[in-house]
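Encoded as structure tokens, the structure appears first; notes follow it.
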Amino acid sequence: ARGILARRGEGEEPIALLLENDAPMIAAILGVLKADKIYVPLDSTLPHPRITYILEGLQAPLIVTNNQNLPLAKALARDAQDLLNIDEIDSSPSAENLGLSISPDAMAYILYTSGSTGEPKGVMHNHRNVLHDCMVYTNNLHFCASDRLTLLHSCSSSASKHYLFGALLNGAAVYPSDIRGEGLSHLATWL
């Protein structure tokens, strides 16, 4: 959050996340939310023209990435876009809470549709929606701090938010898995 605020200052704006579906993506999502920005997860396995289309429509001034995705981020970034490599963030800034007051009506994230009926469209959700969805999901499944949830979906899909926020907002653990990269045979052993 501090790295994002140092680059962009305060104010609501979309921040593109080009990371693997793993702990760094989750940390980046939380950092963007804590900085009162709007996170937009991008799936690096999508065709480049689709990612370019999303970035052009989004007009995100910052792409958060890591060493693994830095070459792709550089290839996709326009002149107006800055890159923040999380593998190079200075870890010395204060770990104190930022203390930003974030309205429930502030935008939390934008997820893009598959584009199966035309061009992909961005669907926006605010913090109130995230909390409401998490409350309903939690109440239906009775999550508690001792639960462990698997994150099998890409963070760029709408299904991911149930597992991600359902776990973290209830003190439970979330375990992301890269099924595309590791395959289904790995999943049974991992579970």
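Each chain in the structure tokens gets a letter, A, B, ..., in the order shown, and its residues are numbered from 1; ligands are numbered from 1 in order too.
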
Inset, instruction - Report the residues of chain A whose backbone DSSP state falls under strand (DSSP E or B), written as a ChimeraX atom specification. - result: /A:14-18,38-42,62-65,82-85,107-112,122-126,148-151,173-176

Inset, instruction - Write out as a PyMOL selection string the residues lying within 10 Å of stretch 6-9 of chain A, counting only C-alpha atoms and excluding same-chain residues fewer than 3 positions away. - result: chain A and resi 1-3+12-13+15+35+37+61-62+82-84

Inset, instruction - Find the residue from A:Asn21, A:Val130, A:Ser94, A:Ala73 that sits nearest to A:Ile179; use only C-alpha atoms when measuring. - result: A:Asn21

Legend entry - Shortest interatomic distance to A:Gly183 - which of A:Asn97, A:Ile110, A:Met135, A:Leu152, counting only C-alpha atoms: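 Of A:Asn97, A:Ile110, A:Met135, A:Leu152, the one nearest A:Gly183 is A:Leu152, counting only C-alpha atoms.
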
Legend entry - Pick from A:Glu88, A:His142, A:Tyr109, A:Pro47 nearest to A:Gly122, counting only C-alpha atoms: A:Tyr109

Legend entry - Exercise: A:Leu100 partners within 10 Å, only C-alpha atoms, chain neighbours under 6 positions left out, as a PyMOL selection string: chain A and resi 10+34-36

Would you export the selected residues with all heavy atoms as a short mmCIF file (atom, residue, chain, number, x, y, z; two decimals), in the first residue's frame, please?
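Listing of selection-v6.cif after writing:
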```cif
data_model
loop_
_atom_site.label_atom_id
_atom_site.label_comp_id
_atom_site.auth_asym_id
_atom_site.auth_seq_id
_atom_site.Cartn_x
_atom_site.Cartn_y
_atom_site.Cartn_z
N GLU A 10 -2.78 9.81 -2.96
CA GLU A 10 -4.14 9.41 -2.59
C GLU A 10 -5.10 9.72 -3.72
O GLU A 10 -4.82 10.56 -4.58
CB GLU A 10 -4.57 10.12 -1.30
CG GLU A 10 -3.80 9.64 -0.09
CD GLU A 10 -4.32 10.25 1.21
OE1 GLU A 10 -5.51 10.61 1.28
OE2 GLU A 10 -3.51 10.37 2.14
N LYS A 34 -6.02 -1.26 0.58
CA LYS A 34 -5.59 -0.47 1.73
C LYS A 34 -5.20 0.95 1.31
O LYS A 34 -5.35 1.90 2.08
CB LYS A 34 -4.42 -1.16 2.43
CG LYS A 34 -4.16 -0.64 3.82
CD LYS A 34 -3.34 -1.66 4.58
CE LYS A 34 -3.25 -1.36 6.02
NZ LYS A 34 -4.50 -1.39 6.75
N ALA A 35 -4.71 1.10 0.08
CA ALA A 35 -4.33 2.42 -0.44
C ALA A 35 -5.54 3.18 -0.99
O ALA A 35 -5.38 4.27 -1.54
CB ALA A 35 -3.27 2.27 -1.52
N ASP A 36 -6.75 2.61 -0.86
CA ASP A 36 -7.98 3.21 -1.37
C ASP A 36 -7.95 3.37 -2.88
O ASP A 36 -8.39 4.37 -3.43
CB ASP A 36 -8.29 4.54 -0.68
CG ASP A 36 -9.73 5.00 -0.94
OD1 ASP A 36 -10.57 4.17 -1.34
OD2 ASP A 36 -10.01 6.20 -0.74
#
```

Inset, instruction - Choose the residue, out of A:Ala188, A:Ala28, A:Ile38, A:Val64, that has the smallest atom-to-atom separation from A:Met124; count only C-alpha atoms. - result: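 Of A:Ala188, A:Ala28, A:Ile38, A:Val64, the one nearest A:Met124, counting only C-alpha atoms, is A:Ile38.
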
Inset, instruction - Using only C-alpha atoms, find the one residue out of A:Gln68, A:Thr52, A:Asn170, A:Thr45 that sits nearest to A:Leu141. - result: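 Closest residue, counting only C-alpha atoms: A:Asn170.
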
Inset, instruction - Select from stretch 13-108 of chain A everything DSSP, run on the backbone, classes as helix (DSSP H, G or I), then give the selection as number ranges by chain. - result: A: 23-34, 48-58, 70-76, 86-88

Inset, instruction - Do a neighbour search on A:Leu17 at 8 Å with only C-alpha atoms, toss out local chain neighbours closer than 5 positions, and write the hits as an MDAnalysis selection string. - result: chainID A and resid 25 28:29 39:42 63:65

Residues from the last selection, C-alpha atoms, saved as a PDB file, in the first residue's frame:
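File written: result05.pdb
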```pdb
ATOM      1  CA  MET A  25      -1.224 -11.376  -5.993  1.00  0.00           C
ATOM      2  CA  ALA A  28      -1.039  -6.792  -3.964  1.00  0.00           C
ATOM      3  CA  ILE A  29      -4.855  -6.936  -3.836  1.00  0.00           C
ATOM      4  CA  TYR A  39      -7.581  -3.376  -8.072  1.00  0.00           C
ATOM      5  CA  VAL A  40      -7.819  -4.894 -11.545  1.00  0.00           C
ATOM      6  CA  PRO A  41      -6.247  -8.365 -11.726  1.00  0.00           C
ATOM      7  CA  LEU A  42      -4.878  -9.359 -15.119  1.00  0.00           C
ATOM      8  CA  ILE A  63       0.830  -1.740 -13.277  1.00  0.00           C
ATOM      9  CA  VAL A  64       1.949  -3.730 -10.227  1.00  0.00           C
ATOM     10  CA  THR A  65       4.056  -6.706 -11.272  1.00  0.00           C
TER      11      THR A  65
END
```

Inset, instruction - Extract, using only C-alpha atoms, all DNA, RNA and protein residues at most 12 Å from A:Pro120, discarding same-chain residues fewer than 5 positions from it, and format them as a PyMOL selection string. - result: chain A and resi 49-58+110-115

Could you please take those selected residues and save C-alpha atoms as a PDB file, in the first residue's frame?
```
ATOM      1  CA  PRO A  49      -4.242  -8.414 -27.517  1.00  0.00           C
ATOM      2  CA  ARG A  50      -6.898  -9.054 -24.864  1.00  0.00           C
ATOM      3  CA  ILE A  51      -4.687  -7.753 -22.032  1.00  0.00           C
ATOM      4  CA  THR A  52      -3.832  -4.729 -24.196  1.00  0.00           C
ATOM      5  CA  TYR A  53      -7.537  -4.107 -24.844  1.00  0.00           C
ATOM      6  CA  ILE A  54      -8.253  -4.204 -21.096  1.00  0.00           C
ATOM      7  CA  LEU A  55      -5.342  -1.894 -20.260  1.00  0.00           C
ATOM      8  CA  GLU A  56      -6.334   0.603 -22.964  1.00  0.00           C
ATOM      9  CA  GLY A  57      -9.920   0.768 -21.728  1.00  0.00           C
ATOM     10  CA  LEU A  58      -8.889   0.825 -18.104  1.00  0.00           C
ATOM     11  CA  ILE A 110     -12.976  -4.208 -11.582  1.00  0.00           C
ATOM     12  CA  LEU A 111     -13.157  -7.672 -13.118  1.00  0.00           C
ATOM     13  CA  TYR A 112     -13.406  -8.125 -16.864  1.00  0.00           C
ATOM     14  CA  THR A 113     -15.886 -10.500 -18.450  1.00  0.00           C
ATOM     15  CA  SER A 114     -14.712 -13.248 -20.789  1.00  0.00           C
ATOM     16  CA  GLY A 115     -15.833 -11.336 -23.838  1.00  0.00           C
TER      17      GLY A 115
END
```

Legend entry - Nearest candidate to A:Cys134 (options A:Thr117, A:Ser160, A:Ser91, A:Ser101; using only C-alpha atoms):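 Closest candidate: A:Ser160.
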
Legend entry - One-decimal distance in Å that lies between atom CA of A:Asp43 and atom CA of A:Leu131: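 Going from atom CA of A:Leu131 over to atom CA of A:Asp43, I get 24.1 Å.
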